[in-house]
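Taking it in order: structure first as structure tokens, then the write-up.
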Amino acid sequence: MNQYKEDVEIDLVRLFKYLLSKSRMLLLIGFVFGLASLSYKYYDVELSGRSFADEPNLVAYEKNVKQPNGTVKAEKQKASYNQFLSEMERREKNNEVQKSLASYEKATINSELKVLENELKEQQKYMENSVLLNSDKVCFEAVHYYLASEKGVKNSIKLQPVIKNRYGPSVPQVQPAKKSKSEANDDDIIKIEDSALISFARTLLYTDKFKNEFSSALGLSEDTSDKLIEELVTLNKIDDISFSISLKATTRDEVLKLQKVLTQYDSELNAFLKNEYEINTDEISFAKVKPAYVEFLRELEKQKVNSLLIRIENKKEELNAVPMEIEPVSSVDLNKLKLKKYAIFAFGGLAVGLFLALGAFTCVYLFDGRLHDPENLMFDDLKTLACVHDSSYSKASADEIQKLNESVEVLCKDKKSVTVVSTLNESEIVNVTSVIKDALAANGISAFNIVKPQNMKSISEADALILAEKIDRSKLDDVIGEIVQIKNIKKDILGIVFA
């Protein structure tokens with residue numbers, strides 16, 4: 001008998017249809033499993049006494065983790081709800097600190113930037129209004145030398161005679177632009193402080209009184225900038241007890257006017273210091289300022305402008321590059337987490353139930369030993385008269401019933417008696433036996449029997465044999481045994497009909 005079963009194959013389409021016919025049962029089993037899983041989780045969350053907020057791996061979030069090579073990588077971390085809240089609180093505090101530090105640093109840089117911008121405006125205003133830089137005439141300069149000695153102490157330094165008109169113009173001391181702390185370097189120029197004498201002389205020279213006097217002498221407005229006055233009236237320190245004052249103007253007469261004001265300055269300086277110092281002064285130079293020197297001053301001031309512009313741009317870049325490591329802060333609703341857990345367990349239980357049910361029904365289909373496909377019967381000479389039901393879950397086919405009726409009429413036309421052989425009970429194949437009986441009656445054949453395969457006598461005496469089985473109901477081994485048994489007694493089978 002095994003020779004008729006070795007080539008039996010599984011029709012996946014039929015299997016799928018079979019499982020689809022069990023959809024209600026599958027859904028019911030899945031629903032039961034889902035409900036059971038949901039009930040378990042509800043008990044665990046609400047009734048077990050354990051805190052749901054402390055359940056591990058409840059919330060996922062990203063955390064920056066430093067790698068062995070020094071880089072920082074965002075990795076997913078899982079934690080309980082309470083641990084997640086603690087982490088978010090820590091992040092909020094850390095973010096506030098980072099924002100405060102960044103805000104302070106930005107405020108500092110903005111302050112330094114404002115100072116530089118003000119310096120730039122003053123420098124540009126000075127260059128626009130400068131008497132020397134904007135003059136196309138030959139300028140003049142007078143230099144006065146001052147030497148102080150303490151009262152009662154003979155000074156070994158003597159005023160040296162100077163040949164007039166051969167004295168070169170004094171080069172103004174370039175004051176380096178103020179640097180912020182971030183720009184300060186160890187190699188910055190060391191600032192040499194003035195002595196008390198030089199400091200007093202400088203302060204007196206640039207008081208509002210004398211600045212106004214110098215401005216008035218040159219016909220300048222009273223609001224002339226300090227730098228513009230210092231350009232024309234410059235005090236240069238030589239040492240702690242000596243200095244020089246340079247007077248510059250576009251004409252000789254203007255220099256003389258400045259010298260008159262300087263005479264007043266000399267008188268007041270001596271008056272203030274007469275109890276401590278004896279001050280000797282002399283004009284050591286009165287000469288024309290060379291154009292090359294003025295051009296040198298112009299280039300020097302332009303370099304100052306360019307330097308300020310570069311420093312301002314650097315400050316802006318520094319402002320934009322202020323680091324602020326802000327960690328993302330998120331919030332999670334505990335009730336939503338509960339609902340999510342309930343949904344996961346409910347759908348998980350449903351999926352498990354469906355999977356187990358599908359597996360169970362598939363096993364039943366594969367291993368129940370029933371006849372699921374007419375092609376499972378490997379008999380080349382066995383004709384299929386009709387297949388009324390393609391499966392246990394399909395409806396009866398009217399065309400197949402008509403086909404069965406006509407096939408019986410043709411095949412049994414000259415027969416005297418017909419026997420239907422089936423492994424099933426008569427009640428299970430009544431839908432096809434009634435059709436066969438009516439078809440035989442139409443041919444005038446009244447000898448019609450329905451027997452089991454065991455009734456060999458009735459089978460051997462029959463004039464014609466028809467097999468009647470049912471898809472998904474008849475046992476495959478029984479049907480094959482039935483056919484083999486009939487073939488062994490040399491009886492012909494008109495065909496098989498599937499009820």
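We label chains A, B, ... in the order they appear in the structure tokens, count residues from 1 in each chain, and number ligands from 1 in the order shown.
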Selection near stretch 438-447 of chain A, 7 Å with only C-alpha atoms, sequence-local residues under 3 positions removed, as an NGL selection string: :A and (405 or 408-409 or 413 or 416-418 or 434-435)
Written selection (C-alpha atoms) as a CSV table (one decimal), in the first residue's frame:
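Written output follows (out-v7.csv):
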chain,number,residue,atom,x,y,z
A,405,ASN,CA,-25.7,12.8,-13.0
A,408,VAL,CA,-23.7,7.9,-14.2
A,409,GLU,CA,-26.3,7.9,-16.9
A,413,LYS,CA,-26.6,2.6,-19.4
A,416,LYS,CA,-28.2,-4.2,-14.4
A,417,SER,CA,-27.1,-3.4,-10.8
A,418,VAL,CA,-24.8,-0.7,-9.4
A,434,SER,CA,-29.3,10.5,-4.1
A,435,VAL,CA,-28.0,11.9,-7.4
Helix (DSSP H, G or I) residues, from DSSP on the backbone, in stretch 78-163 of chain A, as a ChimeraX atom specification: /A:81-129
Which is closer to A:Asp477 than all the others in A:Asn376, A:Glu461, A:Lys403, A:Leu411, using only C-alpha atoms?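 Under the stated criterion, the closest residue is A:Asn376.
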Under the rule that only C-alpha atoms are counted, which of A:Leu273, A:Ser221, A:Leu58, A:Lys211 is the nearest residue to A:Ala196?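 Smallest distance to A:Ala196 is found for A:Leu273.
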Which neighbours of A:Ala351 fall inside 9 Å, counting only C-alpha atoms, when residues of the same chain fewer than 6 positions from it are skipped, and could you give them as a VMD selection string? chain A and resid 30 33 to 34
Which residues are near stretch 12-18 of chain A? Cut-off 12 Å, only C-alpha atoms, ignore same chain within fewer than 4 positions. Put them as a PyMOL selection string. chain A and resi 22-23+25-26+358-359+361-366+371-374+390-394+471-472
For A:Thr433, find every residue with an atom within 10 Å (counting only C-alpha atoms), except residues of its own chain fewer than 6 positions away, and show them as a ChimeraX atom specification. /A:420,426-427,439,448-450,466,468,497,499
Considering only C-alpha atoms, state which residue in the set A:Asp253, A:Glu469, A:Glu268, A:Asp54 is at the smallest distance from A:Thr384. A:Glu469
So that I can see what lies close to A:Val233, please list as a short mmCIF file (atom, residue, chain, number, x, y, z; two decimals) with C-alpha atoms, in the first residue's frame the residues with an atom at most 6 Å from it, counting only C-alpha atoms and leaving out residues fewer than 2 positions away in the same chain.
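Heads up, here's the output in selection-v4.cif:
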data_model
loop_
_atom_site.label_atom_id
_atom_site.label_comp_id
_atom_site.auth_asym_id
_atom_site.auth_seq_id
_atom_site.Cartn_x
_atom_site.Cartn_y
_atom_site.Cartn_z
CA ILE A 229 45.55 116.52 21.05
CA GLU A 230 48.14 113.87 21.98
CA GLU A 231 49.07 113.62 18.30
CA SER A 246 56.90 117.46 21.10
CA LEU A 247 54.69 120.18 19.55
#
Looking only at strand (DSSP E or B) from DSSP on the backbone, list the matching residues of stretch 357-406 of chain A as an NGL selection string. :A and (370 or 384-387)
Could I get the residues of stretch 263-364 of chain A with an atom no further than 10 Å from an atom of stretch 76-85 of chain A, each paired with its nearest atom pair and that distance in Å to one decimal, using only C-alpha atoms, sorted by chain and residue number, as JSON lines?
{"residue": "A:Val329", "atom": "CA", "partner": "A:Leu85", "partner_atom": "CA", "distance": 10.0}
{"residue": "A:Ser330", "atom": "CA", "partner": "A:Leu85", "partner_atom": "CA", "distance": 9.3}
{"residue": "A:Ser331", "atom": "CA", "partner": "A:Leu85", "partner_atom": "CA", "distance": 8.1}
{"residue": "A:Val332", "atom": "CA", "partner": "A:Tyr81", "partner_atom": "CA", "distance": 8.3}
{"residue": "A:Asp333", "atom": "CA", "partner": "A:Tyr81", "partner_atom": "CA", "distance": 9.4}
{"residue": "A:Leu334", "atom": "CA", "partner": "A:Tyr81", "partner_atom": "CA", "distance": 7.5}
{"residue": "A:Leu337", "atom": "CA", "partner": "A:Tyr81", "partner_atom": "CA", "distance": 9.1}
Store the residues of this selection in a file with N, CA and C atoms, as an mmCIF file, in the first residue's frame.
data_model
loop_
_atom_site.group_PDB
_atom_site.id
_atom_site.type_symbol
_atom_site.label_atom_id
_atom_site.label_comp_id
_atom_site.auth_asym_id
_atom_site.auth_seq_id
_atom_site.Cartn_x
_atom_site.Cartn_y
_atom_site.Cartn_z
ATOM 1 N N VAL A 329 16.429 66.621 26.911
ATOM 2 C CA VAL A 329 15.559 66.310 28.050
ATOM 3 C C VAL A 329 14.181 65.957 27.503
ATOM 4 N N SER A 330 13.645 64.840 27.921
ATOM 5 C CA SER A 330 12.323 64.405 27.463
ATOM 6 C C SER A 330 11.476 64.008 28.665
ATOM 7 N N SER A 331 10.205 63.849 28.411
ATOM 8 C CA SER A 331 9.275 63.454 29.476
ATOM 9 C C SER A 331 8.454 62.256 29.013
ATOM 10 N N VAL A 332 8.058 61.449 29.970
ATOM 11 C CA VAL A 332 7.278 60.241 29.684
ATOM 12 C C VAL A 332 6.124 60.168 30.676
ATOM 13 N N ASP A 333 4.931 59.858 30.170
ATOM 14 C CA ASP A 333 3.748 59.707 31.020
ATOM 15 C C ASP A 333 3.688 58.275 31.540
ATOM 16 N N LEU A 334 3.639 58.132 32.854
ATOM 17 C CA LEU A 334 3.633 56.796 33.455
ATOM 18 C C LEU A 334 2.387 56.015 33.044
ATOM 19 N N LEU A 337 2.803 54.589 29.714
ATOM 20 C CA LEU A 337 3.685 53.424 29.768
ATOM 21 C C LEU A 337 2.899 52.179 30.185
#
Please provide as number ranges by chain all residues within 10 Å of stretch 320-325 of chain A, with the sequence filter that same-chain residues fewer than 4 positions apart are discarded (counting only C-alpha atoms). A: 94-95, 97-103, 105-106, 109, 314-316
Report, in Å with one decimal, the straight-line distance from atom CA of A:Val289 to atom CA of A:Met127. 18.2 Å
